[in-house]
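Content type CSV, C-alpha atoms, from the file structure_5.csv:
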```csv
chain,number,residue,atom,x,y,z
P,1,MET,CA,15.9,-8.8,-8.8
P,2,THR,CA,12.7,-8.3,-6.8
P,3,GLU,CA,12.2,-4.7,-5.8
P,4,VAL,CA,10.1,-3.3,-2.9
P,5,VAL,CA,9.3,0.4,-2.0
P,6,TYR,CA,8.5,2.2,1.2
P,7,ALA,CA,7.7,5.9,1.5
P,8,PHE,CA,7.8,7.6,4.9
P,9,ASN,CA,8.6,10.7,7.1
P,10,GLU,CA,10.1,11.0,10.6
P,11,ASN,CA,6.8,10.1,12.2
P,12,TYR,CA,7.1,6.6,10.8
P,13,LEU,CA,10.8,6.0,10.9
P,14,GLU,CA,10.8,3.3,13.6
P,15,GLN,CA,7.8,1.6,12.1
P,16,THR,CA,9.5,1.5,8.7
P,17,ILE,CA,12.7,0.0,10.3
P,18,ILE,CA,10.6,-2.8,11.8
P,19,SER,CA,8.7,-3.4,8.6
P,20,VAL,CA,11.8,-3.6,6.4
P,21,ILE,CA,13.5,-6.0,8.9
P,22,SER,CA,10.4,-8.2,8.8
P,23,LEU,CA,10.5,-8.2,5.0
P,24,LEU,CA,14.2,-9.0,4.8
P,25,GLN,CA,14.0,-11.8,7.4
P,26,TYR,CA,11.8,-13.8,5.0
P,27,ASN,CA,12.9,-12.3,1.7
P,28,PRO,CA,16.6,-11.6,2.1
P,29,THR,CA,17.4,-11.1,-1.6
P,30,VAL,CA,15.0,-8.2,-2.3
P,31,LYS,CA,16.2,-4.7,-3.2
P,32,VAL,CA,14.5,-2.1,-1.0
P,33,HIS,CA,13.9,1.5,-2.1
P,34,LEU,CA,13.2,4.0,0.7
P,35,LEU,CA,11.5,7.2,-0.3
P,36,GLU,CA,12.1,9.6,2.6
P,37,ASP,CA,10.6,13.0,3.3
P,38,GLN,CA,13.0,15.4,5.0
P,39,ILE,CA,14.5,12.9,7.4
P,40,THR,CA,17.7,14.2,9.2
P,41,PRO,CA,21.0,12.6,8.4
P,42,GLN,CA,21.2,11.4,12.1
P,43,LYS,CA,17.9,9.6,11.7
P,44,LEU,CA,19.0,8.0,8.4
P,45,ASP,CA,22.1,6.8,10.2
P,46,LEU,CA,19.9,5.0,12.7
P,47,PHE,CA,18.1,3.4,9.8
P,48,TYR,CA,21.3,2.1,8.3
P,49,GLU,CA,22.5,0.9,11.6
P,50,LYS,CA,19.4,-1.2,12.2
P,51,VAL,CA,18.6,-2.4,8.7
P,52,CYS,CA,22.0,-3.0,7.1
P,53,ALA,CA,22.7,-5.9,9.5
P,54,PHE,CA,20.0,-7.7,7.4
P,55,SER,CA,20.9,-6.4,3.9
P,56,GLU,CA,23.1,-3.8,2.3
P,57,ASN,CA,20.8,-3.7,-0.8
P,58,ILE,CA,19.1,-0.6,0.4
P,59,ASN,CA,18.5,2.5,-1.7
P,60,ILE,CA,17.4,5.8,0.0
P,61,ILE,CA,15.8,8.5,-2.2
P,62,SER,CA,14.4,11.9,-1.4
P,63,ILE,CA,10.6,12.0,-2.0
P,64,GLU,CA,11.0,15.2,-4.0
P,65,GLN,CA,12.7,13.2,-6.8
P,66,VAL,CA,9.4,11.2,-7.1
P,67,LEU,CA,6.7,13.8,-6.5
P,68,GLY,CA,8.4,16.6,-8.3
P,69,ASN,CA,5.9,19.6,-8.7
P,70,LEU,CA,2.8,17.6,-7.7
P,71,GLU,CA,0.4,20.1,-6.1
P,72,LEU,CA,-1.6,18.8,-3.2
P,73,SER,CA,-4.2,20.6,-1.1
P,74,GLU,CA,-2.8,22.3,2.1
P,75,LYS,CA,-6.0,21.3,3.9
P,76,ASP,CA,-5.0,17.6,3.7
P,77,ARG,CA,-3.5,16.4,7.0
P,78,HIS,CA,-2.1,13.2,5.5
P,79,PRO,CA,1.6,13.0,4.6
P,80,LYS,CA,2.4,13.5,0.9
P,81,THR,CA,4.4,10.3,1.0
P,82,ILE,CA,1.2,8.3,0.4
P,83,TYR,CA,1.2,9.6,-3.2
P,84,ALA,CA,4.7,8.3,-4.0
P,85,LYS,CA,3.4,4.9,-5.1
P,86,LEU,CA,1.6,6.5,-8.1
P,87,PHE,CA,4.9,7.7,-9.7
P,88,LEU,CA,7.3,4.8,-9.2
P,89,ALA,CA,7.3,4.1,-13.0
P,90,ASP,CA,9.2,7.4,-13.5
P,91,LEU,CA,11.8,6.4,-10.9
P,92,LEU,CA,12.5,2.7,-11.3
P,93,SER,CA,13.4,0.7,-14.4
P,94,CYS,CA,12.1,-2.7,-13.0
P,95,GLU,CA,9.2,-4.6,-14.6
P,96,LYS,CA,7.1,-4.6,-11.4
P,97,VAL,CA,7.4,-3.4,-7.8
P,98,LEU,CA,5.8,-4.1,-4.5
P,99,TYR,CA,4.8,-1.1,-2.4
P,100,ILE,CA,4.3,-1.6,1.3
P,101,ASP,CA,3.1,0.8,4.0
P,102,SER,CA,5.2,1.3,7.1
P,103,ASP,CA,2.5,-0.1,9.4
P,104,ILE,CA,2.7,-3.5,7.8
P,105,VAL,CA,4.7,-6.4,9.2
P,106,VAL,CA,5.7,-9.1,6.7
P,107,ASN,CA,5.1,-12.6,8.0
P,108,GLY,CA,6.5,-14.9,5.3
P,109,ALA,CA,8.2,-15.4,2.0
P,110,LEU,CA,6.6,-13.5,-0.9
P,111,ASP,CA,8.0,-15.5,-3.9
P,112,GLU,CA,4.6,-16.4,-5.2
P,113,LEU,CA,3.4,-12.8,-5.1
P,114,PHE,CA,6.6,-11.6,-6.9
P,115,GLU,CA,6.1,-14.2,-9.6
P,116,ARG,CA,2.5,-13.2,-10.3
P,117,ASP,CA,1.6,-12.9,-14.0
P,118,MET,CA,0.3,-9.3,-14.4
P,119,GLU,CA,-0.1,-9.3,-18.2
P,120,ASN,CA,-3.6,-7.8,-18.0
P,121,GLU,CA,-3.2,-5.9,-14.8
P,122,LEU,CA,-1.9,-2.4,-13.9
P,123,ALA,CA,-2.1,-3.1,-10.2
P,124,ALA,CA,-3.0,-6.0,-7.8
P,125,GLY,CA,-4.0,-5.8,-4.1
P,126,VAL,CA,-6.5,-6.9,-1.5
P,127,ILE,CA,-10.1,-5.9,-1.7
P,128,MET,CA,-11.7,-3.2,0.4
P,129,PRO,CA,-15.4,-3.9,1.1
P,130,TYR,CA,-16.7,-0.6,-0.1
P,131,SER,CA,-20.2,0.2,-1.3
P,132,GLN,CA,-21.4,1.1,-4.8
P,133,GLN,CA,-21.8,4.7,-3.5
P,134,ILE,CA,-18.0,5.0,-3.0
P,135,LYS,CA,-17.3,3.3,-6.3
P,136,ARG,CA,-19.6,5.7,-8.2
P,137,LYS,CA,-17.7,8.7,-6.8
P,138,LEU,CA,-14.6,7.3,-8.5
P,139,ASP,CA,-16.3,6.4,-11.7
P,140,LEU,CA,-16.0,2.7,-11.0
P,141,SER,CA,-18.6,0.2,-12.2
P,142,MET,CA,-20.3,-2.4,-10.1
P,143,GLU,CA,-17.9,-5.0,-11.4
P,144,ASP,CA,-14.8,-3.0,-10.7
P,145,SER,CA,-12.6,-4.2,-7.9
P,146,TYR,CA,-11.5,-1.6,-5.2
P,147,ILE,CA,-8.3,-2.4,-3.5
P,148,CYS,CA,-6.4,-1.1,-0.5
P,149,ASP,CA,-3.2,0.7,-1.5
P,150,GLY,CA,-1.3,0.0,1.7
P,151,MET,CA,0.1,-3.0,0.0
P,152,VAL,CA,0.0,-3.0,-3.8
P,153,LEU,CA,1.9,-4.8,-6.6
P,154,LEU,CA,2.4,-2.5,-9.6
P,155,ASN,CA,3.1,-3.5,-13.2
P,156,LEU,CA,5.5,-0.8,-14.0
P,157,ASP,CA,6.1,-1.9,-17.6
P,158,GLU,CA,2.4,-1.2,-18.3
P,159,TRP,CA,2.5,2.0,-16.3
P,160,ARG,CA,5.2,3.3,-18.6
P,161,LYS,CA,3.6,2.1,-21.8
P,162,GLN,CA,0.2,3.7,-20.9
P,163,HIS,CA,1.8,6.8,-19.2
P,164,ILE,CA,-0.2,6.1,-16.1
P,165,SER,CA,1.9,8.3,-13.8
P,166,GLU,CA,1.0,11.3,-16.1
P,167,VAL,CA,-2.7,10.3,-15.9
P,168,CYS,CA,-2.5,10.3,-12.1
P,169,ARG,CA,-1.0,13.8,-12.1
P,170,LYS,CA,-3.7,15.1,-14.3
P,171,TYR,CA,-6.5,13.5,-12.2
P,172,ILE,CA,-5.0,14.9,-8.9
P,173,ALA,CA,-4.9,18.3,-10.6
P,174,GLU,CA,-8.5,18.0,-11.7
P,175,CYS,CA,-9.4,17.2,-8.0
P,176,GLU,CA,-7.5,20.4,-7.0
P,177,GLY,CA,-5.0,18.5,-5.1
P,178,GLU,CA,-7.6,16.8,-2.9
P,179,PRO,CA,-8.7,13.6,-4.6
P,180,TYR,CA,-11.6,11.6,-3.1
P,181,MET,CA,-10.1,8.7,-0.9
P,182,LEU,CA,-6.6,10.3,-1.5
P,183,SER,CA,-3.9,8.2,-3.2
P,184,GLU,CA,-6.1,5.0,-2.9
P,185,GLY,CA,-8.9,6.7,-4.8
P,186,VAL,CA,-6.5,7.9,-7.5
P,187,LEU,CA,-5.1,4.4,-7.9
P,188,ASN,CA,-8.5,2.7,-8.1
P,189,HIS,CA,-9.9,5.3,-10.5
P,190,VAL,CA,-7.0,5.4,-12.9
P,191,CYS,CA,-6.4,1.6,-12.9
P,192,ARG,CA,-10.1,0.6,-13.0
P,193,GLY,CA,-10.8,-2.4,-15.2
P,194,LYS,CA,-7.2,-3.5,-14.9
P,195,ILE,CA,-6.9,-4.3,-11.2
P,196,GLY,CA,-6.0,-7.8,-9.9
P,197,VAL,CA,-7.4,-9.3,-6.7
P,198,LEU,CA,-5.0,-10.9,-4.2
P,199,GLU,CA,-5.8,-13.3,-1.4
P,200,PRO,CA,-6.6,-11.5,1.9
P,201,SER,CA,-3.5,-13.1,3.6
P,202,TYR,CA,-1.4,-10.5,1.7
P,203,ASN,CA,-3.0,-7.7,3.7
P,204,LEU,CA,-4.6,-8.8,6.9
P,205,MET,CA,-6.6,-5.8,8.1
P,206,PRO,CA,-8.2,-5.3,11.6
P,207,SER,CA,-11.7,-5.6,10.2
P,208,MET,CA,-11.0,-9.1,8.9
P,209,ILE,CA,-10.1,-10.2,12.5
P,210,PHE,CA,-12.7,-8.3,14.4
P,211,PHE,CA,-15.8,-9.0,12.3
P,212,GLN,CA,-17.4,-12.0,10.6
P,213,ARG,CA,-17.7,-11.9,6.8
P,214,GLU,CA,-21.5,-11.4,7.0
P,215,GLN,CA,-21.0,-8.4,9.3
P,216,ILE,CA,-18.5,-6.8,6.9
P,217,ILE,CA,-20.8,-7.1,4.0
P,218,SER,CA,-23.8,-5.8,5.9
P,219,MET,CA,-22.0,-2.8,7.4
P,220,ASN,CA,-20.4,-1.7,4.2
P,221,GLN,CA,-23.2,-2.7,1.8
P,222,CYS,CA,-20.7,-4.2,-0.6
P,223,ASP,CA,-21.6,-6.5,-3.4
P,224,TRP,CA,-18.8,-9.0,-3.1
P,225,TYR,CA,-16.2,-9.9,-0.6
P,226,TYR,CA,-13.9,-12.8,0.3
P,227,SER,CA,-15.3,-16.1,1.4
P,228,SER,CA,-15.3,-17.1,5.1
P,229,GLU,CA,-12.8,-19.8,4.2
P,230,GLN,CA,-10.4,-17.2,2.7
P,231,LEU,CA,-10.7,-14.9,5.7
P,232,GLU,CA,-10.1,-17.8,8.1
P,233,GLN,CA,-7.0,-18.8,6.1
P,234,ALA,CA,-5.7,-15.2,6.2
P,235,LYS,CA,-6.1,-15.0,10.0
P,236,ALA,CA,-4.4,-18.4,10.5
P,237,ALA,CA,-1.4,-17.7,8.2
P,238,PRO,CA,-1.1,-14.0,7.2
P,239,LYS,CA,1.7,-13.2,4.8
P,240,MET,CA,1.4,-9.5,5.8
P,241,ILE,CA,-0.3,-7.9,8.8
P,242,HIS,CA,-1.6,-4.4,8.4
P,243,PHE,CA,-1.8,-2.5,11.7
P,244,MET,CA,-4.3,0.1,10.5
P,245,LYS,CA,-5.7,2.8,12.8
P,246,GLU,CA,-9.0,1.0,13.4
P,247,LEU,CA,-10.7,-1.3,15.9
P,248,TYR,CA,-7.4,-2.1,17.8
P,249,ASN,CA,-4.6,-0.1,19.3
P,250,ARG,CA,-1.5,-0.2,17.2
P,251,PRO,CA,1.7,-2.0,18.5
P,252,TRP,CA,3.6,1.3,19.1
P,253,PHE,CA,1.0,2.4,21.6
P,254,GLU,CA,0.4,1.0,25.0
P,255,PRO,CA,-1.6,-1.0,25.8
P,256,CYS,CA,-1.8,-2.8,22.4
P,257,ASP,CA,-4.9,-5.0,22.2
P,258,HIS,CA,-4.3,-6.3,18.6
P,259,PRO,CA,-4.4,-10.1,18.7
```
Using structure tokens, write down the structure from this file.
Amino acid sequence: MTEVVYAFNENYLEQTIISVISLLQYNPTVKVHLLEDQITPQKLDLFYEKVCAFSENINIISIEQVLGNLELSEKDRHPKTIYAKLFLADLLSCEKVLYIDSDIVVNGALDELFERDMENELAAGVIMPYSQQIKRKLDLSMEDSYICDGMVLLNLDEWRKQHISEVCRKYIAECEGEPYMLSEGVLNHVCRGKIGVLEPSYNLMPSMIFFQREQIISMNQCDWYYSSEQLEQAKAAPKMIHFMKELYNRPWFEPCDHP
């Protein structure tokens, strides 16, 4: 059975409901794990009320079962739920899992993604056009891919064999609970050399819509990015739309100017 994970707190309850429903409309047989951070029983009842009309294959888990004694810096204003994806191998027994951020809307069937051969990959995702300067801070080489962790496919079999969750904990501790680029930096640092690149249609981000390829490369001083044809295909038929907080207003704010 294909398994998908979300991690969220009360601030993203409604967005998570929408995202899960969009996932189930196109992928009705998936099992969904919801890692919640101190959400009240009343709010969880709302979740069940909205989502169980589409599927009863929903599993809600407290985030504390996943993070355990992970120590994060109190200076960080980001929710601790963003780190949950790094420790799913300790929680789930499946071969691989898809993690999705709550601000993503699924726009199609994901069968091809779920069937991906990940023999030589720890993780697979959509490229972020970051410079060599950012990569160097994470000990990445020029050839290493840097992916967005808002949507990431994880090879949990290999995570367990290579004890990757433990490596992540040690790295976060070495960074005194405040790793560079947060969970995304940890993922790319720890999985470097074993990261697969997905088509941009699996994570259509605002910059892909707003800018041309040449502008993205110039602004970010990156060495490699998707072709113009790949970006145009992603815009024409996105499999997942990521409503990140950049360039456009997000759909839960008025007025929303996202195309």
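Nearest to Cys94 in chain P of all the residues P:Asp223, P:Asp157, P:Glu71, P:Glu49 is P:Asp157, based on only C-alpha atoms.
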Between P:Tyr146, P:Gln25, P:Tyr130, P:Ala7, single out the one closest to Pro79 in chain P, counting all atoms listed in the file.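 With all atoms listed in the file as the atom set, the closest residue is P:Ala7.
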With only C-alpha atoms as the atoms that count, which of P:Tyr248, P:Phe87, P:Tyr48, P:Phe8 lies nearest to Glu166 in chain P? P:Phe87
If you measure from CA of Tyr171 in chain P to CA of Thr81 in chain P, what distance in Å do you get, rounded to one decimal? 17.4 Å
Find the spatial neighbours of Thr40 in chain P, counting all atoms listed in the file, within a cut-off of 12 Å - ignore same-chain residues fewer than 6 positions away - and output them as a VMD selection string. chain P and resid 9 to 10 13 46 to 47 62
What would the list of residues within 9 Å of (-5.5, 17.9, -2.8) (file frame) look like as a ChimeraX atom specification, if all atoms listed in the file are what count? /P:71-76,172-173,175-180,182
Write out as a tab-separated table (two decimals) with C-alpha atoms, in the frame of the given file the residues lying within 10 Å of Met118 in chain P, counting all atoms listed in the file and excluding same-chain residues fewer than 3 positions away.
```tsv
chain	number	residue	atom	x	y	z
P	96	LYS	CA	7.10	-4.60	-11.40
P	115	GLU	CA	6.10	-14.20	-9.60
P	121	GLU	CA	-3.20	-5.90	-14.80
P	122	LEU	CA	-1.90	-2.40	-13.90
P	123	ALA	CA	-2.10	-3.10	-10.20
P	124	ALA	CA	-3.00	-6.00	-7.80
P	153	LEU	CA	1.90	-4.80	-6.60
P	154	LEU	CA	2.40	-2.50	-9.60
P	155	ASN	CA	3.10	-3.50	-13.20
P	156	LEU	CA	5.50	-0.80	-14.00
P	157	ASP	CA	6.10	-1.90	-17.60
P	158	GLU	CA	2.40	-1.20	-18.30
P	194	LYS	CA	-7.20	-3.50	-14.90
P	195	ILE	CA	-6.90	-4.30	-11.20
P	196	GLY	CA	-6.00	-7.80	-9.90
```
Do a neighbour search on Leu140 in chain P at 10 Å with all atoms listed in the file, toss out local chain neighbours closer than 5 positions, and write the hits as a list of chain:residue names. P:Gln132, P:Gln133, P:Ile134, P:Lys135, P:Ser145, P:Tyr146, P:Asn188, P:His189, P:Val190, P:Cys191, P:Arg192, P:Gly193
May I ask for the distance between CA of Tyr99 in chain P and CA of Met151 in chain P, given in Å to one decimal place? 5.6 Å
From P:Ile63, P:Ile216, P:Ile18, P:Met142, residue lying nearest Ile39 in chain P [all atoms listed in the file]: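 Comparing P:Ile63, P:Ile216, P:Ile18, P:Met142 against Ile39 in chain P, the winner is P:Ile63.
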List the residues sitting within 9 Å of (9.9, -2.8, 8.1) in the file's frame, using all atoms listed in the file, as an MDAnalysis selection string. chainID P and resid 6 14:24 51 100:106
Set the distance at 8 Å and use all atoms listed in the file: which residues neighbour Ala109 in chain P once local chain neighbours fewer than 3 positions away are removed? I'd like the list as a ChimeraX atom specification. /P:26-27,239
Could you list, as a PDB file with C-alpha atoms, in the frame of the given file, every residue within 6 Å of Ser201 in chain P, counting all atoms listed in the file and ignoring same-chain residues fewer than 3 positions away?
```pdb
ATOM      1  CA  LEU P 204      -4.600  -8.800   6.900  1.00  0.00           C
ATOM      2  CA  ALA P 234      -5.700 -15.200   6.200  1.00  0.00           C
ATOM      3  CA  PRO P 238      -1.100 -14.000   7.200  1.00  0.00           C
ATOM      4  CA  LYS P 239       1.700 -13.200   4.800  1.00  0.00           C
TER       5      LYS P 239
END
```
From the list P:Glu3, P:Glu143, P:Asp111, P:Glu232, which residue is nearest Leu98 in chain P when using all atoms listed in the file?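 Among the listed residues, P:Glu3 lies closest to Leu98 in chain P.
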Top pick for closest residue to Asp149 in chain P, considering P:Phe211, P:Phe253, P:Tyr202, P:Tyr226 and counting all atoms listed in the file: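 Using all atoms listed in the file, Asp149 in chain P sits closest to P:Tyr202.
The coordinates place CA of Leu138 in chain P at 17.7 Å from CA of Trp224 in chain P.
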As a PDB file, in the coordinates of the input, the rebuilt range 39-50 of chain P with N, CA, C and O atoms:
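Output below, filename part11.pdb:
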```
ATOM      1  N   ILE P  39      13.995  13.600   6.223  1.00  0.00           N
ATOM      2  CA  ILE P  39      14.500  12.900   7.400  1.00  0.00           C
ATOM      3  C   ILE P  39      15.972  13.394   7.633  1.00  0.00           C
ATOM      4  O   ILE P  39      16.755  13.459   6.684  1.00  0.00           O
ATOM      5  N   THR P  40      16.314  13.692   8.855  1.00  0.00           N
ATOM      6  CA  THR P  40      17.700  14.200   9.200  1.00  0.00           C
ATOM      7  C   THR P  40      18.709  13.131   8.925  1.00  0.00           C
ATOM      8  O   THR P  40      18.424  11.933   9.035  1.00  0.00           O
ATOM      9  N   PRO P  41      19.959  13.548   8.626  1.00  0.00           N
ATOM     10  CA  PRO P  41      21.000  12.600   8.400  1.00  0.00           C
ATOM     11  C   PRO P  41      21.221  11.666   9.662  1.00  0.00           C
ATOM     12  O   PRO P  41      21.541  10.484   9.516  1.00  0.00           O
ATOM     13  N   GLN P  42      21.034  12.217  10.861  1.00  0.00           N
ATOM     14  CA  GLN P  42      21.200  11.400  12.100  1.00  0.00           C
ATOM     15  C   GLN P  42      20.150  10.284  12.121  1.00  0.00           C
ATOM     16  O   GLN P  42      20.465   9.143  12.486  1.00  0.00           O
ATOM     17  N   LYS P  43      18.910  10.610  11.739  1.00  0.00           N
ATOM     18  CA  LYS P  43      17.900   9.600  11.700  1.00  0.00           C
ATOM     19  C   LYS P  43      18.112   8.552  10.634  1.00  0.00           C
ATOM     20  O   LYS P  43      17.842   7.360  10.813  1.00  0.00           O
ATOM     21  N   LEU P  44      18.645   8.980   9.505  1.00  0.00           N
ATOM     22  CA  LEU P  44      19.000   8.000   8.400  1.00  0.00           C
ATOM     23  C   LEU P  44      20.109   7.113   8.855  1.00  0.00           C
ATOM     24  O   LEU P  44      20.138   5.935   8.488  1.00  0.00           O
ATOM     25  N   ASP P  45      21.052   7.645   9.638  1.00  0.00           N
ATOM     26  CA  ASP P  45      22.100   6.800  10.200  1.00  0.00           C
ATOM     27  C   ASP P  45      21.555   5.705  11.054  1.00  0.00           C
ATOM     28  O   ASP P  45      22.023   4.556  11.027  1.00  0.00           O
ATOM     29  N   LEU P  46      20.534   6.041  11.858  1.00  0.00           N
ATOM     30  CA  LEU P  46      19.900   5.000  12.700  1.00  0.00           C
ATOM     31  C   LEU P  46      19.255   3.958  11.817  1.00  0.00           C
ATOM     32  O   LEU P  46      19.339   2.764  12.144  1.00  0.00           O
ATOM     33  N   PHE P  47      18.658   4.369  10.711  1.00  0.00           N
ATOM     34  CA  PHE P  47      18.100   3.400   9.800  1.00  0.00           C
ATOM     35  C   PHE P  47      19.114   2.428   9.279  1.00  0.00           C
ATOM     36  O   PHE P  47      18.933   1.213   9.327  1.00  0.00           O
ATOM     37  N   TYR P  48      20.220   2.979   8.777  1.00  0.00           N
ATOM     38  CA  TYR P  48      21.300   2.100   8.300  1.00  0.00           C
ATOM     39  C   TYR P  48      21.822   1.184   9.335  1.00  0.00           C
ATOM     40  O   TYR P  48      22.070   0.000   9.092  1.00  0.00           O
ATOM     41  N   GLU P  49      21.994   1.720  10.520  1.00  0.00           N
ATOM     42  CA  GLU P  49      22.500   0.900  11.600  1.00  0.00           C
ATOM     43  C   GLU P  49      21.658  -0.307  11.906  1.00  0.00           C
ATOM     44  O   GLU P  49      22.170  -1.411  12.118  1.00  0.00           O
ATOM     45  N   LYS P  50      20.328  -0.112  11.882  1.00  0.00           N
ATOM     46  CA  LYS P  50      19.400  -1.200  12.200  1.00  0.00           C
ATOM     47  C   LYS P  50      19.207  -2.168  11.050  1.00  0.00           C
ATOM     48  O   LYS P  50      19.150  -3.379  11.230  1.00  0.00           O
TER      49      LYS P  50
END
```
